[in-house]
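Source file: structure01.pdb. Holds: PDB, C-alpha atoms.
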MODEL        1
ATOM      1  CA  MET A 294      21.596 -57.186  41.855
ATOM      2  CA  ARG A 295      18.129 -58.393  40.967
ATOM      3  CA  ARG A 296      16.556 -55.497  42.875
ATOM      4  CA  LEU A 297      18.873 -53.061  41.129
ATOM      5  CA  LEU A 298      17.844 -54.386  37.722
ATOM      6  CA  GLN A 299      14.181 -54.138  38.695
ATOM      7  CA  GLY A 300      14.730 -50.560  39.803
ATOM      8  CA  LEU A 301      16.435 -49.616  36.566
ATOM      9  CA  LEU A 302      13.656 -51.274  34.594
ATOM     10  CA  CYS A 303      11.066 -49.255  36.513
ATOM     11  CA  LEU A 304      12.953 -46.048  35.806
ATOM     12  CA  ILE A 305      13.133 -46.888  32.117
ATOM     13  CA  LEU A 306       9.416 -47.684  32.029
ATOM     14  CA  LEU A 307       8.628 -44.414  33.788
ATOM     15  CA  ALA A 308      10.808 -42.495  31.334
ATOM     16  CA  VAL A 309       9.104 -44.190  28.387
ATOM     17  CA  MET A 310       5.697 -43.443  29.859
ATOM     18  CA  ALA A 311       6.673 -39.818  30.494
ATOM     19  CA  ALA A 312       7.972 -39.508  26.941
ATOM     20  CA  GLY A 313       4.745 -41.008  25.661
ATOM     21  CA  VAL A 314       2.650 -38.598  27.713
ATOM     22  CA  ALA A 315       4.788 -35.675  26.525
ATOM     23  CA  ALA A 316       4.450 -36.766  22.900
ATOM     24  CA  TRP A 317       0.705 -37.111  23.375
ATOM     25  CA  TRP A 318       0.453 -33.628  24.939
ATOM     26  CA  LEU A 319       2.514 -32.035  22.166
ATOM     27  CA  GLY A 320       0.037 -33.350  19.612
ATOM     28  CA  GLN A 321      -3.126 -32.288  21.425
ATOM     29  CA  PRO A 322      -4.976 -29.041  20.496
ATOM     30  CA  LEU A 323      -4.493 -26.345  23.110
ATOM     31  CA  PRO A 324      -7.835 -25.375  24.717
ATOM     32  CA  MET A 325      -8.741 -21.744  24.055
ATOM     33  CA  ASN A 326     -11.644 -19.364  24.595
ATOM     34  CA  GLY A 327     -12.575 -18.821  20.954
ATOM     35  CA  GLN A 328     -11.878 -19.780  17.363
ATOM     36  CA  THR A 329      -8.817 -17.514  17.280
ATOM     37  CA  THR A 330      -6.566 -16.127  19.986
ATOM     38  CA  GLU A 331      -4.461 -13.016  19.452
ATOM     39  CA  LEU A 332      -1.036 -13.185  21.049
ATOM     40  CA  GLU A 333       1.318 -10.220  21.310
ATOM     41  CA  ILE A 334       4.947 -10.761  22.257
ATOM     42  CA  GLU A 335       6.940  -7.638  23.014
ATOM     43  CA  PRO A 336      10.614  -7.408  22.055
ATOM     44  CA  GLY A 337      12.848  -8.627  24.868
ATOM     45  CA  THR A 338      10.273 -11.013  26.374
ATOM     46  CA  THR A 339      11.962 -14.078  27.911
ATOM     47  CA  PRO A 340      10.828 -17.617  26.998
ATOM     48  CA  ARG A 341       9.261 -17.898  30.459
ATOM     49  CA  GLY A 342       7.476 -14.594  29.841
ATOM     50  CA  VAL A 343       6.267 -15.849  26.452
ATOM     51  CA  ALA A 344       4.711 -18.882  28.138
ATOM     52  CA  ARG A 345       2.916 -16.572  30.565
ATOM     53  CA  GLU A 346       1.678 -14.343  27.709
ATOM     54  CA  VAL A 347       0.276 -17.396  25.927
ATOM     55  CA  VAL A 348      -1.840 -18.219  28.988
ATOM     56  CA  LYS A 349      -2.871 -14.567  29.476
ATOM     57  CA  SER A 350      -4.048 -14.436  25.861
ATOM     58  CA  GLY A 351      -6.733 -17.021  26.609
ATOM     59  CA  ILE A 352      -5.023 -20.318  25.813
ATOM     60  CA  GLN A 353      -5.871 -22.667  28.653
ATOM     61  CA  THR A 354      -2.680 -24.513  29.537
ATOM     62  CA  ASP A 355      -0.029 -24.538  32.250
ATOM     63  CA  ALA A 356       2.589 -21.836  31.641
ATOM     64  CA  ARG A 357       5.219 -23.928  33.466
ATOM     65  CA  LEU A 358       4.584 -26.915  31.231
ATOM     66  CA  LEU A 359       4.725 -24.717  28.137
ATOM     67  CA  TYR A 360       7.970 -23.129  29.285
ATOM     68  CA  ALA A 361       9.465 -26.576  29.917
ATOM     69  CA  TRP A 362       8.570 -27.528  26.333
ATOM     70  CA  PHE A 363      10.203 -24.370  25.009
ATOM     71  CA  ARG A 364      13.411 -25.188  26.899
ATOM     72  CA  LEU A 365      13.537 -28.913  26.078
ATOM     73  CA  SER A 366      12.935 -28.234  22.374
ATOM     74  CA  GLY A 367      16.096 -26.128  22.153
ATOM     75  CA  GLN A 368      14.127 -23.424  20.290
ATOM     76  CA  ASP A 369      13.348 -21.210  23.276
ATOM     77  CA  ARG A 370      15.829 -18.547  22.118
ATOM     78  CA  LYS A 371      14.447 -18.573  18.570
ATOM     79  CA  ILE A 372      11.019 -17.267  19.594
ATOM     80  CA  LYS A 373      10.413 -13.944  17.836
ATOM     81  CA  ALA A 374       8.548 -10.886  19.033
ATOM     82  CA  GLY A 375       5.452  -9.910  17.106
ATOM     83  CA  ASN A 376       1.681 -10.192  16.806
ATOM     84  CA  TYR A 377       0.271 -13.657  16.188
ATOM     85  CA  GLU A 378      -3.112 -15.183  15.499
ATOM     86  CA  ILE A 379      -3.390 -18.638  17.058
ATOM     87  CA  PRO A 380      -6.251 -20.597  15.460
ATOM     88  CA  ALA A 381      -8.306 -23.179  17.331
ATOM     89  CA  GLY A 382      -6.779 -26.636  17.052
ATOM     90  CA  THR A 383      -3.181 -25.447  17.392
ATOM     91  CA  THR A 384      -0.995 -27.906  19.294
ATOM     92  CA  PRO A 385       1.935 -26.999  21.594
ATOM     93  CA  TYR A 386       4.282 -28.268  18.887
ATOM     94  CA  GLU A 387       2.647 -26.103  16.185
ATOM     95  CA  LEU A 388       2.568 -23.089  18.511
ATOM     96  CA  LEU A 389       6.316 -23.198  19.080
ATOM     97  CA  GLN A 390       6.986 -23.649  15.364
ATOM     98  CA  LYS A 391       4.890 -20.572  14.588
ATOM     99  CA  LEU A 392       6.646 -18.463  17.225
ATOM    100  CA  ALA A 393      10.128 -19.667  16.255
ATOM    101  CA  ARG A 394       9.517 -18.939  12.564
ATOM    102  CA  GLY A 395       7.981 -15.555  13.316
ATOM    103  CA  GLU A 396       4.765 -16.319  11.422
ATOM    104  CA  GLU A 397       2.977 -13.153  12.430
ATOM    105  CA  SER A 398      -0.608 -12.398  11.517
ATOM    106  CA  LEU A 399      -0.683 -10.233   8.398
ATOM    107  CA  ARG A 400      -3.013  -7.400   7.527
ATOM    108  CA  ALA A 401      -3.271  -5.468   4.268
ATOM    109  CA  ILE A 402      -3.875  -1.900   3.197
ATOM    110  CA  THR A 403      -4.654  -0.830  -0.364
ATOM    111  CA  PHE A 404      -3.679   2.479  -1.942
ATOM    112  CA  VAL A 405      -5.868   3.076  -4.987
ATOM    113  CA  GLU A 406      -4.751   4.456  -8.345
ATOM    114  CA  GLY A 407      -5.727   8.098  -8.601
ATOM    115  CA  TRP A 408      -5.796   8.706  -4.856
ATOM    116  CA  THR A 409      -4.214  11.844  -3.458
ATOM    117  CA  PHE A 410      -1.800  11.811  -0.539
ATOM    118  CA  ARG A 411      -4.604  13.152   1.638
ATOM    119  CA  GLN A 412      -6.740  10.125   0.762
ATOM    120  CA  MET A 413      -3.807   7.807   1.517
ATOM    121  CA  ARG A 414      -3.404   9.322   4.972
ATOM    122  CA  ALA A 415      -7.130   9.044   5.640
ATOM    123  CA  ALA A 416      -7.046   5.331   4.772
ATOM    124  CA  MET A 417      -4.070   4.798   7.076
ATOM    125  CA  ALA A 418      -5.776   6.685   9.911
ATOM    126  CA  LYS A 419      -8.758   4.335   9.695
ATOM    127  CA  ASP A 420      -6.610   1.201   9.821
ATOM    128  CA  GLU A 421      -6.879  -0.049  13.403
ATOM    129  CA  PHE A 422      -4.067  -2.580  12.975
ATOM    130  CA  LEU A 423      -1.474  -0.064  11.753
ATOM    131  CA  LYS A 424       0.716   1.870  14.164
ATOM    132  CA  GLN A 425      -0.248   5.520  13.780
ATOM    133  CA  ASP A 426       3.272   6.918  13.947
ATOM    134  CA  THR A 427       2.714   9.395  11.090
ATOM    135  CA  ALA A 428      -0.540  10.915  12.360
ATOM    136  CA  ALA A 429       1.139  13.877  14.047
ATOM    137  CA  LEU A 430       3.692  14.436  11.277
ATOM    138  CA  SER A 431       3.336  17.016   8.536
ATOM    139  CA  GLU A 432       3.781  16.081   4.891
ATOM    140  CA  ALA A 433       7.252  17.645   4.964
ATOM    141  CA  ASP A 434       8.160  15.713   8.122
ATOM    142  CA  ILE A 435       7.061  12.433   6.548
ATOM    143  CA  MET A 436       9.113  13.005   3.411
ATOM    144  CA  THR A 437      12.155  13.933   5.503
ATOM    145  CA  ALA A 438      11.734  10.746   7.529
ATOM    146  CA  LEU A 439      11.610   8.817   4.231
ATOM    147  CA  GLY A 440      14.895  10.349   3.110
ATOM    148  CA  LYS A 441      13.283  12.742   0.616
ATOM    149  CA  PRO A 442      13.523  16.183   2.261
ATOM    150  CA  GLY A 443      12.017  18.979   0.216
ATOM    151  CA  VAL A 444      10.138  16.590  -2.104
ATOM    152  CA  ALA A 445       6.356  16.927  -2.311
ATOM    153  CA  ALA A 446       4.571  13.778  -1.117
ATOM    154  CA  GLU A 447       1.898  13.873  -3.805
ATOM    155  CA  GLY A 448       2.216  11.051  -6.313
ATOM    156  CA  ARG A 449       5.387   9.627  -4.748
ATOM    157  CA  PHE A 450       3.810   6.362  -3.579
ATOM    158  CA  PHE A 451       2.908   3.437  -5.804
ATOM    159  CA  PRO A 452      -0.745   2.405  -5.633
ATOM    160  CA  ASP A 453      -0.917  -1.253  -4.616
ATOM    161  CA  THR A 454      -1.921  -3.576  -1.774
ATOM    162  CA  TYR A 455       0.707  -3.823   0.965
ATOM    163  CA  THR A 456       0.688  -6.541   3.628
ATOM    164  CA  TYR A 457       2.106  -5.917   7.074
ATOM    165  CA  ALA A 458       2.180  -7.506  10.520
ATOM    166  CA  LYS A 459      -0.362  -6.187  12.984
ATOM    167  CA  GLY A 460       1.083  -3.226  14.862
ATOM    168  CA  SER A 461       3.597  -2.377  12.132
ATOM    169  CA  SER A 462       4.783   1.169  11.588
ATOM    170  CA  GLY A 463       2.721   3.282   9.206
ATOM    171  CA  LEU A 464       5.933   5.011   8.187
ATOM    172  CA  ALA A 465       7.407   1.630   7.225
ATOM    173  CA  VAL A 466       4.439   0.961   4.923
ATOM    174  CA  LEU A 467       4.860   4.386   3.304
ATOM    175  CA  LYS A 468       8.561   3.681   2.832
ATOM    176  CA  ARG A 469       7.762   0.482   0.931
ATOM    177  CA  ALA A 470       5.233   2.314  -1.249
ATOM    178  CA  ALA A 471       7.728   5.113  -1.948
ATOM    179  CA  HIS A 472      10.452   2.634  -2.930
ATOM    180  CA  ALA A 473       7.965   0.816  -5.156
ATOM    181  CA  MET A 474       7.181   4.057  -7.000
ATOM    182  CA  ASP A 475      10.885   4.863  -7.370
ATOM    183  CA  ARG A 476      11.482   1.455  -8.940
ATOM    184  CA  ARG A 477       8.488   1.689 -11.276
ATOM    185  CA  LEU A 478       9.415   5.189 -12.370
ATOM    186  CA  ASP A 479      13.002   4.180 -13.103
ATOM    187  CA  GLN A 480      11.746   1.212 -15.132
ATOM    188  CA  VAL A 481       9.339   3.182 -17.312
ATOM    189  CA  TRP A 482      11.711   6.122 -17.773
ATOM    190  CA  ALA A 483      14.259   3.728 -19.268
ATOM    191  CA  LEU A 484      11.595   2.711 -21.820
ATOM    192  CA  ARG A 485      10.559   6.253 -22.829
ATOM    193  CA  THR A 486       9.990   7.281 -26.420
ATOM    194  CA  ALA A 487      13.041   9.012 -27.890
ATOM    195  CA  ASP A 488      11.404  12.340 -28.798
ATOM    196  CA  LEU A 489       9.373  12.744 -25.631
ATOM    197  CA  PRO A 490       9.097  16.423 -24.532
ATOM    198  CA  LEU A 491       9.809  15.512 -20.905
ATOM    199  CA  LYS A 492      13.078  16.402 -19.227
ATOM    200  CA  SER A 493      13.098  14.041 -16.256
ATOM    201  CA  PRO A 494      11.415  11.120 -14.529
ATOM    202  CA  ASP A 495       9.714  13.654 -12.250
ATOM    203  CA  GLU A 496       8.025  15.266 -15.250
ATOM    204  CA  ALA A 497       6.918  11.833 -16.419
ATOM    205  CA  LEU A 498       5.414  11.230 -12.979
ATOM    206  CA  ILE A 499       3.517  14.530 -13.120
ATOM    207  CA  LEU A 500       2.143  13.798 -16.584
ATOM    208  CA  ALA A 501       1.209  10.260 -15.549
ATOM    209  CA  SER A 502      -0.787  11.607 -12.611
ATOM    210  CA  ILE A 503      -2.795  13.814 -14.985
ATOM    211  CA  VAL A 504      -3.369  10.914 -17.360
ATOM    212  CA  GLU A 505      -4.534   8.802 -14.402
ATOM    213  CA  LYS A 506      -7.137  11.379 -13.384
ATOM    214  CA  GLU A 507      -8.342  12.059 -16.933
ATOM    215  CA  THR A 508      -8.750   8.441 -18.040
ATOM    216  CA  GLY A 509     -12.242   6.981 -17.832
ATOM    217  CA  THR A 510     -11.667   3.987 -20.082
ATOM    218  CA  ALA A 511      -8.374   2.091 -20.185
ATOM    219  CA  ALA A 512      -8.420   1.959 -23.981
ATOM    220  CA  ASP A 513      -8.205   5.767 -24.120
ATOM    221  CA  ARG A 514      -5.206   6.129 -21.814
ATOM    222  CA  GLY A 515      -2.518   6.186 -24.517
ATOM    223  CA  GLN A 516      -4.401   8.727 -26.644
ATOM    224  CA  ILE A 517      -5.028  10.988 -23.665
ATOM    225  CA  ALA A 518      -1.298  10.957 -22.956
ATOM    226  CA  GLY A 519      -0.717  11.643 -26.672
ATOM    227  CA  VAL A 520      -2.932  14.744 -26.546
ATOM    228  CA  PHE A 521      -0.998  16.219 -23.639
ATOM    229  CA  VAL A 522       2.346  15.360 -25.223
ATOM    230  CA  ASN A 523       1.239  17.070 -28.462
ATOM    231  CA  ARG A 524       0.310  20.187 -26.492
ATOM    232  CA  LEU A 525       3.620  20.204 -24.630
ATOM    233  CA  ARG A 526       5.506  19.949 -27.921
ATOM    234  CA  VAL A 527       3.902  23.102 -29.365
ATOM    235  CA  GLY A 528       3.729  25.058 -26.103
ATOM    236  CA  MET A 529      -0.068  24.879 -25.899
ATOM    237  CA  LEU A 530      -1.798  25.149 -22.513
ATOM    238  CA  LEU A 531      -2.744  21.727 -21.155
ATOM    239  CA  GLN A 532      -6.128  22.997 -19.904
ATOM    240  CA  THR A 533      -6.975  19.933 -17.863
ATOM    241  CA  ASP A 534      -9.683  20.223 -15.189
ATOM    242  CA  PRO A 535      -8.190  17.775 -12.636
ATOM    243  CA  THR A 536      -5.186  20.068 -12.129
ATOM    244  CA  VAL A 537      -7.483  23.013 -11.432
ATOM    245  CA  ILE A 538      -9.478  20.944  -8.954
ATOM    246  CA  TYR A 539      -6.289  19.832  -7.235
ATOM    247  CA  GLY A 540      -5.108  23.421  -6.921
ATOM    248  CA  MET A 541      -8.407  24.416  -5.309
ATOM    249  CA  GLY A 542      -7.875  21.915  -2.507
ATOM    250  CA  GLU A 543     -10.678  21.831   0.051
ATOM    251  CA  LYS A 544     -12.394  24.774  -1.663
ATOM    252  CA  PHE A 545     -13.655  22.444  -4.388
ATOM    253  CA  ASP A 546     -17.302  21.615  -3.681
ATOM    254  CA  GLY A 547     -17.869  19.146  -6.502
ATOM    255  CA  ASN A 548     -18.726  21.757  -9.155
ATOM    256  CA  LEU A 549     -16.079  23.339 -11.386
ATOM    257  CA  ARG A 550     -17.105  26.804 -12.517
ATOM    258  CA  ARG A 551     -15.768  29.140 -15.201
ATOM    259  CA  ASN A 552     -14.398  31.436 -12.513
ATOM    260  CA  ASP A 553     -12.399  28.502 -11.103
ATOM    261  CA  LEU A 554     -10.721  28.058 -14.481
ATOM    262  CA  ARG A 555      -9.674  31.708 -14.409
ATOM    263  CA  THR A 556      -8.437  31.720 -10.813
ATOM    264  CA  ASP A 557      -4.691  31.241 -10.882
ATOM    265  CA  THR A 558      -2.921  28.632  -8.752
ATOM    266  CA  PRO A 559       0.371  26.833  -9.396
ATOM    267  CA  TRP A 560      -1.692  23.862 -10.649
ATOM    268  CA  ASN A 561      -4.085  25.765 -12.913
ATOM    269  CA  THR A 562      -3.138  24.594 -16.400
ATOM    270  CA  TYR A 563      -5.636  27.053 -17.902
ATOM    271  CA  THR A 564      -3.590  29.997 -16.613
ATOM    272  CA  ARG A 565      -0.064  28.541 -16.575
ATOM    273  CA  PRO A 566       1.865  26.816 -19.367
ATOM    274  CA  GLY A 567       3.547  23.449 -19.119
ATOM    275  CA  LEU A 568       3.192  20.865 -16.409
ATOM    276  CA  PRO A 569       2.126  21.741 -12.870
ATOM    277  CA  PRO A 570       4.841  21.773 -10.170
ATOM    278  CA  THR A 571       3.907  18.410  -8.633
ATOM    279  CA  PRO A 572       1.850  15.334  -9.440
ATOM    280  CA  ILE A 573      -1.831  15.602  -8.566
ATOM    281  CA  ALA A 574      -2.421  11.951  -7.573
ATOM    282  CA  MET A 575      -0.870   8.475  -7.497
ATOM    283  CA  PRO A 576      -0.559   7.080 -11.038
ATOM    284  CA  GLY A 577      -0.585   3.336 -11.604
ATOM    285  CA  LYS A 578       1.770   1.409 -13.859
ATOM    286  CA  ALA A 579      -0.469   1.793 -16.941
ATOM    287  CA  ALA A 580      -0.582   5.574 -16.572
ATOM    288  CA  LEU A 581       3.185   5.713 -16.081
ATOM    289  CA  MET A 582       3.707   3.707 -19.252
ATOM    290  CA  ALA A 583       1.267   5.890 -21.189
ATOM    291  CA  ALA A 584       3.147   9.013 -20.122
ATOM    292  CA  VAL A 585       6.464   7.752 -21.493
ATOM    293  CA  GLN A 586       5.036   5.850 -24.474
ATOM    294  CA  PRO A 587       2.030   7.928 -25.578
ATOM    295  CA  ALA A 588      -0.055   6.885 -28.544
ATOM    296  CA  ALA A 589       0.901   8.503 -31.848
ATOM    297  CA  THR A 590      -2.048  10.790 -32.527
ATOM    298  CA  LYS A 591      -2.837  14.061 -34.292
ATOM    299  CA  ALA A 592      -5.392  14.969 -31.630
ATOM    300  CA  PHE A 593      -5.010  18.078 -29.497
ATOM    301  CA  TYR A 594      -8.404  17.858 -27.812
ATOM    302  CA  PHE A 595     -10.694  15.338 -26.174
ATOM    303  CA  VAL A 596     -14.083  15.437 -24.502
ATOM    304  CA  ALA A 597     -15.931  12.886 -22.386
ATOM    305  CA  ARG A 598     -18.741  11.092 -24.186
ATOM    306  CA  GLY A 599     -20.633  10.369 -21.000
ATOM    307  CA  ASP A 600     -20.029   6.623 -21.002
ATOM    308  CA  GLY A 601     -16.477   6.781 -19.640
ATOM    309  CA  SER A 602     -14.840   7.004 -23.059
ATOM    310  CA  SER A 603     -13.564  10.126 -24.811
ATOM    311  CA  HIS A 604     -13.895  11.659 -28.274
ATOM    312  CA  PHE A 605     -10.586  12.910 -29.695
ATOM    313  CA  SER A 606     -10.244  15.800 -32.139
ATOM    314  CA  ALA A 607      -7.375  17.230 -34.164
ATOM    315  CA  THR A 608      -8.903  20.695 -34.628
ATOM    316  CA  LEU A 609     -10.739  23.165 -32.433
ATOM    317  CA  ASP A 610     -13.763  23.208 -34.749
ATOM    318  CA  GLU A 611     -14.100  19.439 -34.527
ATOM    319  CA  HIS A 612     -13.677  19.615 -30.767
ATOM    320  CA  ASN A 613     -16.379  22.279 -30.405
ATOM    321  CA  ARG A 614     -18.791  20.118 -32.392
ATOM    322  CA  ALA A 615     -17.961  17.159 -30.118
ATOM    323  CA  VAL A 616     -18.535  19.280 -27.003
ATOM    324  CA  ASN A 617     -21.888  20.421 -28.393
ATOM    325  CA  ARG A 618     -22.850  16.827 -29.125
ATOM    326  CA  TYR A 619     -21.723  15.104 -25.953
ATOM    327  CA  GLN A 620     -22.012  17.771 -23.278
ATOM    328  CA  ARG A 621     -24.654  20.214 -24.507
ATOM    329  CA  GLY A 622     -27.102  17.785 -26.018
ATOM    330  CA  GLY A 623     -26.598  18.947 -29.599
ATOM    331  CA  ASN A 624     -27.079  16.766 -32.706
TER     332      ASN A 624
ENDMDL
END
In structure tokens, how does this file's structure come out?
Amino acid sequence: MRRLLQGLLCLILLAVMAAGVAAWWLGQPLPMNGQTTELEIEPGTTPRGVAREVVKSGIQTDARLLYAWFRLSGQDRKIKAGNYEIPAGTTPYELLQKLARGEESLRAITFVEGWTFRQMRAAMAKDEFLKQDTAALSEADIMTALGKPGVAAEGRFFPDTYTYAKGSSGLAVLKRAAHAMDRRLDQVWALRTADLPLKSPDEALILASIVEKETGTAADRGQIAGVFVNRLRVGMLLQTDPTVIYGMGEKFDGNLRRNDLRTDTPWNTYTRPGLPPTPIAMPGKAALMAAVQPAATKAFYFVARGDGSSHFSATLDEHNRAVNRYQRGGN
């Protein structure tokens, strides 16, 4: 009996010691090759496979020991696929918590107010962390994939910074940006001025894109929208250079000439009345609001002063004097 009790005591002491060693190991930083280790776990990877991937990534530990920890913790089936950044100093306990919670490493891409869809795609193409699943798709294909067949892509995405997990779908990012624009447009359309000469949210989006491209100083945005709204009310040509430039596409070399103003395209507001058929860029929230709540103004004209601001005029004579003063060096 005495020997049996001694044996049991030894087993208990060994178990306590093992538990102590395990607890110590769980709290020790995992050795790794650098300050940060990137770990990629593919969907369908088993817990044993995850342990192996951890070691392959450069974390210097025993995959069998790590797998045993995953199993004993009861969280082995909670480990989520994804791309992770494991910083130096991470312990086995912290590693499992990160994997079980799916705390993937996040990246960000910014779409800037006033950008065209072409500029958006160029920014996405340069993003090494984004899955390039839209690179081979046409504009029409992308819009169909987003559930908007037949809708022009221009202006349909809200300019903002979007975070995503490394390796995420580019199409998924575009979908979020498209939904964000839909929400913003619905919000501002509900707040529109009662007598606005716009028939639909789409027309508000088109006008907002023009306001975005014409505004040099934020304080002028409402008045610029007011000028275009005044022109729409009386059937006057909008005559805005950014629409002409947009219609020229890659032919635009940085200089807008008189002949360009006379060359007809669907976006040339010097040759065609009303709004162009599509937006010409991504408008931000301020431009959207200006389009639906323009400043009350008698102005029908404006000209850039050269410092980012604009001079507004109610008559053509006043406008011509302003052009002579600010653009031709007159007194």
Mind dumping a table of every region 519-538 of chain A residue within 10 Å of region 493-511 of chain A, with the nearest atom pair and its distance in Å to one decimal, using all atoms listed in the file, sorted by chain and rising number, as a tab-separated table?
residue	atom	partner	partner_atom	distance
A:Gly519	CA	A:Val504	CA	9.7
A:Val520	CA	A:Val504	CA	10.0
A:Phe521	CA	A:Leu500	CA	8.1
A:Val522	CA	A:Leu500	CA	8.8
A:Thr533	CA	A:Ile503	CA	7.9
A:Asp534	CA	A:Glu507	CA	8.5
A:Pro535	CA	A:Lys506	CA	6.5
A:Thr536	CA	A:Ile503	CA	7.3
Specify as a PyMOL selection string each residue included when the PyMOL selection byres ((chain A and resi 348-363) around 7) is applied to this file. chain A and resi 323-326+330-332+340-341+344-347+364-369
Given all atoms listed in the file as the counted atoms, nearest of A:Pro569, A:Ala512, A:Tyr619, A:Val537 to Ala588 (chain A):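 Of A:Pro569, A:Ala512, A:Tyr619, A:Val537, the one nearest Ala588 (chain A), counting all atoms listed in the file, is A:Ala512.
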From A:Asn552, A:Thr608, A:Thr562, A:Asn523, residue lying nearest Ala589 (chain A) [only C-alpha atoms]: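 Looking at the shortest contact to Ala589 (chain A), the residue is A:Asn523.
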Distance query Arg485 (chain A) at most 12 Å, all atoms listed in the file, self and fewer than 6 positions along chain excluded, as a PDB file with C-alpha atoms, keeping the file's coordinate frame:
ATOM      1  CA  LEU A 478       9.415   5.189 -12.370  1.00  0.00           C
ATOM      2  CA  ASP A 479      13.002   4.180 -13.103  1.00  0.00           C
ATOM      3  CA  LEU A 491       9.809  15.512 -20.905  1.00  0.00           C
ATOM      4  CA  LYS A 492      13.078  16.402 -19.227  1.00  0.00           C
ATOM      5  CA  SER A 493      13.098  14.041 -16.256  1.00  0.00           C
ATOM      6  CA  PRO A 494      11.415  11.120 -14.529  1.00  0.00           C
ATOM      7  CA  ALA A 497       6.918  11.833 -16.419  1.00  0.00           C
ATOM      8  CA  LEU A 581       3.185   5.713 -16.081  1.00  0.00           C
ATOM      9  CA  MET A 582       3.707   3.707 -19.252  1.00  0.00           C
ATOM     10  CA  ALA A 583       1.267   5.890 -21.189  1.00  0.00           C
ATOM     11  CA  ALA A 584       3.147   9.013 -20.122  1.00  0.00           C
ATOM     12  CA  VAL A 585       6.464   7.752 -21.493  1.00  0.00           C
ATOM     13  CA  GLN A 586       5.036   5.850 -24.474  1.00  0.00           C
ATOM     14  CA  PRO A 587       2.030   7.928 -25.578  1.00  0.00           C
TER      15      PRO A 587
END
Using the chain letters and numbers from the file, which residues does the PyMOL selection byres ((chain A and resi 394-398) around 9) grab, as a PyMOL selection string? chain A and resi 331+371-379+389-393+399-400+457-459
With distances taken over only C-alpha atoms, which residue among A:Arg411, A:Arg514, A:Lys578, A:Lys544 lies nearest Asp453 (chain A)?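 Selected residue with least distance to Asp453 (chain A): A:Lys578.
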Evaluated on this file, the PyMOL selection byres ((chain A and resi 577) around 7) picks out some residues - which ones are they, written as a PyMOL selection string? chain A and resi 406+451-452+575-576+578-581
Per-axis box centre and lengths in Å around region 482-488 of chain A, 5 Å margin per side, axis-aligned, as JSON:
{"center_x": 12.1, "center_y": 7.5, "center_z": -23.3, "size_x": 14.3, "size_y": 19.6, "size_z": 21.0}
